[in-house]
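Okay, input.cif now, which holds mmCIF, C-alpha atoms:
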data_structure
#
loop_
_atom_site.label_atom_id
_atom_site.label_comp_id
_atom_site.auth_asym_id
_atom_site.auth_seq_id
_atom_site.Cartn_x
_atom_site.Cartn_y
_atom_site.Cartn_z
CA MET A 248 106.40 114.88 120.04
CA ALA A 249 105.13 113.11 116.94
CA LYS A 250 106.34 113.49 113.37
CA VAL A 251 103.45 113.43 110.90
CA SER A 252 103.66 113.62 107.14
CA VAL A 253 101.29 116.00 105.41
CA ARG A 254 100.15 115.87 101.80
CA PHE A 255 98.47 118.60 99.78
CA PHE A 256 96.46 118.04 96.64
CA ALA A 257 95.12 120.07 93.71
CA ARG A 258 94.49 123.71 94.71
CA TYR A 259 95.79 123.17 98.23
CA ALA A 260 99.18 122.12 96.81
CA GLU A 261 99.26 125.43 94.96
CA LEU A 262 98.40 127.30 98.18
CA ALA A 263 101.06 125.43 100.18
CA GLY A 264 103.66 125.70 97.42
CA CYS A 265 104.48 122.00 97.78
CA SER A 266 102.74 118.64 97.63
CA SER A 267 104.16 117.06 100.77
CA SER A 268 105.95 117.94 103.97
CA ALA A 269 106.45 116.72 107.53
CA ILE A 270 105.61 118.49 110.76
CA ASN A 271 106.35 117.84 114.41
CA LEU A 272 103.73 118.40 117.04
CA GLU A 273 103.06 117.83 120.70
CA THR A 274 101.01 114.73 121.51
CA PRO A 275 98.24 113.93 122.04
CA ALA A 276 97.24 115.64 118.82
CA THR A 277 94.35 115.59 116.36
CA VAL A 278 93.99 116.24 112.65
CA ALA A 279 92.73 119.72 113.59
CA ASP A 280 96.03 120.37 115.41
CA VAL A 281 97.92 119.32 112.29
CA ILE A 282 95.88 121.77 110.21
CA ASP A 283 96.55 124.60 112.69
CA ARG A 284 100.28 123.91 112.46
CA VAL A 285 100.10 123.72 108.66
CA ARG A 286 98.51 127.18 108.54
CA GLU A 287 101.47 128.56 110.51
CA VAL A 288 104.17 126.82 108.46
CA PHE A 289 102.55 127.38 105.04
CA PRO A 290 100.85 130.79 105.21
CA GLY A 291 99.28 130.28 101.77
CA THR A 292 97.10 127.55 103.29
CA GLN A 293 95.31 130.12 105.44
CA ALA A 294 93.10 130.47 102.33
CA MET A 295 91.79 126.93 102.92
CA PRO A 296 88.32 126.76 104.46
CA PRO A 297 88.19 126.63 108.29
CA ARG A 298 87.35 122.91 108.25
CA PRO A 299 88.86 121.32 105.14
CA LEU A 300 88.26 117.69 104.16
CA ALA A 301 91.00 115.47 105.53
CA ALA A 302 92.20 111.89 105.24
CA LEU A 303 94.30 110.00 107.76
CA ASN A 304 96.34 107.12 106.36
CA GLN A 305 94.18 107.09 103.20
CA ARG A 306 90.79 107.12 104.92
CA HIS A 307 88.36 110.01 105.29
CA VAL A 308 88.29 111.22 108.90
CA LYS A 309 86.72 113.91 111.04
CA LEU A 310 89.03 116.63 112.28
CA ASP A 311 88.95 115.34 115.86
CA ALA A 312 90.67 112.06 114.83
CA THR A 313 93.86 111.34 116.79
CA VAL A 314 97.18 111.37 114.95
CA ASN A 315 100.24 109.36 115.94
CA GLU A 316 103.92 109.21 115.06
CA GLY A 317 104.39 108.26 111.41
CA ASP A 318 100.81 108.96 110.34
CA GLU A 319 99.98 110.61 107.04
CA VAL A 320 97.44 113.43 106.96
CA ALA A 321 96.13 114.51 103.55
CA LEU A 322 94.28 117.77 103.03
CA LEU A 323 91.70 117.43 100.30
CA PRO A 324 90.00 120.24 98.36
CA PRO A 325 86.28 119.67 97.62
CA LEU A 326 86.15 116.45 95.58
CA SER A 327 85.13 116.65 91.94
CA GLY A 328 85.75 113.20 90.50
CA GLY A 329 83.62 111.20 88.14
CA MET B 103 94.08 99.29 89.68
CA HIS B 104 91.04 101.36 88.82
CA LEU B 105 92.91 104.43 87.59
CA THR B 106 94.20 104.79 84.05
CA ARG B 107 95.84 107.44 81.91
CA HIS B 108 94.58 105.84 78.71
CA ARG B 109 91.27 105.94 76.85
CA ILE B 110 88.63 103.84 78.58
CA GLU B 111 87.64 100.77 76.56
CA ILE B 112 84.09 99.80 77.51
CA ALA B 113 84.44 96.38 75.89
CA ASP B 114 87.14 95.53 78.44
CA LEU B 115 84.85 96.43 81.35
CA LEU B 116 81.98 94.44 79.87
CA ALA B 117 84.21 91.40 79.48
CA GLU B 118 84.99 91.56 83.20
CA VAL B 119 81.39 91.53 84.39
CA GLN B 120 79.25 89.71 81.85
CA SER B 121 78.30 86.05 82.00
CA PRO B 122 75.36 83.97 80.79
CA ALA B 123 74.03 83.92 84.38
CA ARG B 124 73.79 87.71 84.48
CA GLY B 125 70.92 88.80 82.28
CA GLY B 126 71.10 92.53 82.95
CA THR B 127 74.11 94.74 82.37
CA CYS B 128 74.16 98.46 83.09
CA VAL B 129 76.95 100.82 82.00
CA PHE B 130 77.43 104.35 83.30
CA LEU B 131 79.75 106.57 81.32
CA GLY B 132 80.76 110.07 82.43
CA THR B 133 82.20 112.23 79.65
CA VAL B 134 83.84 115.67 79.60
CA ARG B 135 81.21 118.25 78.63
CA THR B 136 81.78 121.20 76.30
CA ASP B 137 80.43 123.69 78.83
CA ALA B 138 81.10 127.33 77.88
CA ASP B 139 84.59 127.41 76.34
CA ILE B 140 85.98 124.29 78.04
CA THR B 141 88.17 122.26 75.70
CA ALA B 142 89.44 119.67 78.17
CA ILE B 143 89.62 118.74 81.85
CA ASP B 144 92.84 117.85 83.62
CA TYR B 145 92.04 115.18 86.23
CA SER B 146 94.36 114.57 89.17
CA ALA B 147 94.00 112.31 92.20
CA TYR B 148 95.42 111.19 95.49
CA GLU B 149 96.03 107.99 93.59
CA ALA B 150 96.73 105.49 96.37
CA MET B 151 93.69 106.57 98.37
CA ALA B 152 91.46 106.89 95.29
CA ASP B 153 92.18 103.29 94.34
CA GLU B 154 91.54 102.11 97.92
CA GLU B 155 88.32 104.10 98.19
CA ILE B 156 87.05 102.69 94.88
CA GLU B 157 87.82 99.18 96.19
CA ARG B 158 85.84 99.93 99.37
CA ILE B 159 82.88 101.25 97.34
CA LEU B 160 82.85 98.18 95.07
CA ALA B 161 83.03 95.93 98.14
CA GLU B 162 80.04 97.73 99.70
CA ALA B 163 78.07 97.34 96.47
CA HIS B 164 78.98 93.66 96.35
CA GLU B 165 77.72 93.24 99.92
CA ARG B 166 74.40 94.91 99.06
CA TRP B 167 73.93 93.13 95.72
CA PRO B 168 75.87 89.84 96.13
CA GLU B 169 74.81 88.51 92.75
CA ALA B 170 76.06 91.59 90.90
CA ARG B 171 79.51 91.81 89.35
CA LEU B 172 80.94 95.33 89.11
CA THR B 173 83.96 97.07 87.68
CA LEU B 174 85.08 100.67 87.33
CA GLN B 175 87.75 102.70 85.58
CA HIS B 176 88.53 106.36 86.24
CA ARG B 177 90.79 108.14 83.77
CA LEU B 178 93.32 110.76 84.92
CA GLY B 179 95.34 113.40 83.08
CA LEU B 180 94.18 115.69 80.31
CA ILE B 181 90.90 114.45 78.83
CA PRO B 182 89.51 116.24 75.78
CA ALA B 183 85.82 117.22 75.70
CA GLY B 184 83.68 114.34 74.49
CA GLU B 185 85.88 111.57 75.91
CA ALA B 186 85.00 109.46 78.96
CA SER B 187 86.50 110.20 82.36
CA ILE B 188 84.74 107.35 84.18
CA ALA B 189 83.03 104.11 83.26
CA ILE B 190 81.17 101.70 85.54
CA ALA B 191 79.80 98.35 84.43
CA ALA B 192 77.38 96.37 86.58
CA ALA B 193 75.99 92.99 85.57
CA ALA B 194 73.45 91.02 87.59
CA PRO B 195 70.88 88.27 87.06
CA HIS B 196 68.16 90.95 86.75
CA ARG B 197 68.19 94.59 85.61
CA GLU B 198 66.95 96.06 88.92
CA GLN B 199 70.12 94.94 90.70
CA ALA B 200 72.35 96.10 87.84
CA PHE B 201 70.81 99.60 87.74
CA ALA B 202 70.81 99.95 91.53
CA ALA B 203 74.41 98.81 91.97
CA CYS B 204 75.65 101.04 89.15
CA ARG B 205 73.83 104.06 90.61
CA TYR B 206 75.16 103.35 94.10
CA VAL B 207 78.74 103.23 92.82
CA ILE B 208 78.68 106.47 90.80
CA GLU B 209 77.05 108.43 93.65
CA ALA B 210 79.62 107.11 96.15
CA VAL B 211 82.49 107.92 93.78
CA LYS B 212 81.29 111.52 93.46
CA GLU B 213 81.06 111.84 97.23
CA ARG B 214 84.18 110.01 98.42
CA VAL B 215 86.92 109.41 95.85
CA PRO B 216 89.76 111.97 96.04
CA VAL B 217 89.88 113.18 92.44
CA TRP B 218 89.99 116.80 91.24
CA LYS B 219 89.16 118.55 87.99
CA LYS B 220 90.92 121.51 86.48
CA GLU B 221 88.99 122.96 83.54
CA ILE B 222 91.04 124.07 80.56
CA HIS B 223 89.53 126.96 78.59
CA ALA B 224 89.92 127.76 74.90
CA ASP B 225 92.24 130.69 75.70
CA GLY B 226 94.56 128.42 77.69
CA ALA B 227 93.43 129.61 81.13
CA SER B 228 92.55 126.98 83.74
CA THR B 229 90.29 126.86 86.79
CA TRP B 230 89.86 124.31 89.58
CA VAL B 231 86.34 122.90 89.90
CA GLU B 232 85.27 123.12 93.54
CA SER B 233 81.59 122.34 93.44
CA LEU B 234 79.75 119.13 92.69
CA SER B 235 79.05 118.69 89.02
#
Can I see the file as structure tokens?
Amino acid sequence: MAKVSVRFFARYAELAGCSSSAINLETPATVADVIDRVREVFPGTQAMPPRPLAALNQRHVKLDATVNEGDEVALLPPLSGG
Amino acid sequence: MHLTRHRIEIADLLAEVQSPARGGTCVFLGTVRTDADITAIDYSAYEAMADEEIERILAEAHERWPEARLTLQHRLGLIPAGEASIAIAAAAPHREQAFAACRYVIEAVKERVPVWKKEIHADGASTWVESLS
């Protein structure tokens, strides 16, 4: 099992009802597995797109990236900076 | 730190990049537009990652245009229409490098930096912006 922290931003924080949490999941696991678990724990996040943008430890990653104990996964709504 | 909650002062950015050896300076300024009934935009960010990502973008630009000196500020919080949300200054020995570096940085920011806009309407309602603008 690995404990991973999860962060939600902007509209996704509204959907989740919180801005951060932690989840436990069986290893080996990917960012996609984290997202599946998030959809179960925070039903509001089922309104996120099937493949949301994600960051792992503050870097953009694809959803097949491997997560490890202590990692931070951030779920990012479509970016609109500038 | 490239994120600020205060008004952006362009003179401060210029002071960081200009020198007698750099004959061309290019400034990009993005300001909040008065589209429809929008009175302000509330900007939020994944601040730690946004700052890191901006650093990575500036480092890439520096690698591509080694003679250019670049700086960037992105403002967060409630920004009234007409005020700047982002400013980039690029100075280089010649204008081609300054324009190219400045353009590279703003396009990369739009694509990669985790910042979000919530539009505030005249009636007090608000909506998240979820398309490129």
Ground truth for the PyMOL selection byres ((chain B and resi 184) around 9), written as a PyMOL selection string: chain B and resi 133-136+142+181-183+185-186
If the PyMOL selection byres ((chain A) within 9 of (chain B)) were run on this exact file, what residues would it hold? Put them as a count of residues only. 16
Could you tell me, as a PyMOL selection string, exactly which residues end up selected when the PyMOL selection byres ((chain A and resi 297) around 12) is applied to this structure? chain A and resi 279+282-283+286+292-296+298-301+310+322+324
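Closest approach to Thr313 (chain A) among A:Met248, A:Val278, A:Leu272, A:Ala263 is made by A:Val278 (distances from only C-alpha atoms).
Picture a line from CA of Leu174 (chain B) to CA of Ile143 (chain B); it runs 19.4 Å.
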Skip Ser266 (chain A) itself and residues of its chain fewer than 6 positions away, then list as JSON, numbers by chain all residues within 8 Å of it, counting all atoms listed in the file. {"A": [254, 255, 256, 260]}
Provide the CA of Gly317 (chain A) to CA of Glu162 (chain B) distance in Å, to one decimal place.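 Interatomic distance here is 29.0 Å.
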If you measure from CA of Ala312 (chain A) to CA of Val253 (chain A), what distance in Å do you get, rounded to one decimal?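 Distance reported for this atom pair: 14.7 Å.
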Just checking: using all atoms listed in the file, which residue out of A:Ala276, A:Val288, A:Leu303, A:Val320 ends up closest to Gly264 (chain A)? A:Val288
Would you please work out which residue, of B:Ile222, B:Trp167, B:Gly126, B:Asp139, is nearest to Ala193 (chain B) when using all atoms listed in the file?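 So, comparing all the options, the nearest one is B:Gly126.
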Out of A:Lys250, A:Val285, A:Gly291, A:Thr277, which residue has the shortest atom-to-atom distance to Asp311 (chain A) when counting only C-alpha atoms?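 Selected residue with least distance to Asp311 (chain A): A:Thr277.
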Option closest in space to Ala194 (chain B), from B:Ser121, B:Glu165, B:His104, B:Asp225 [counting only C-alpha atoms]: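 Among B:Ser121, B:Glu165, B:His104, B:Asp225, it is B:Ser121 that comes nearest to Ala194 (chain B).
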Counting only C-alpha atoms, which of B:Arg197, B:Arg205, B:Arg171, B:His223 gets nearest to Glu118 (chain B)?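 Among the listed residues, B:Arg171 lies closest to Glu118 (chain B).
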Which residues, protein or nucleic acid, reach to within 6 Å of (77.2, 97.4, 82.1) in the file's coordinates when using only C-alpha atoms, and can you give that as JSON, numbers by chain? {"B": [127, 128, 129, 191, 192, 193]}
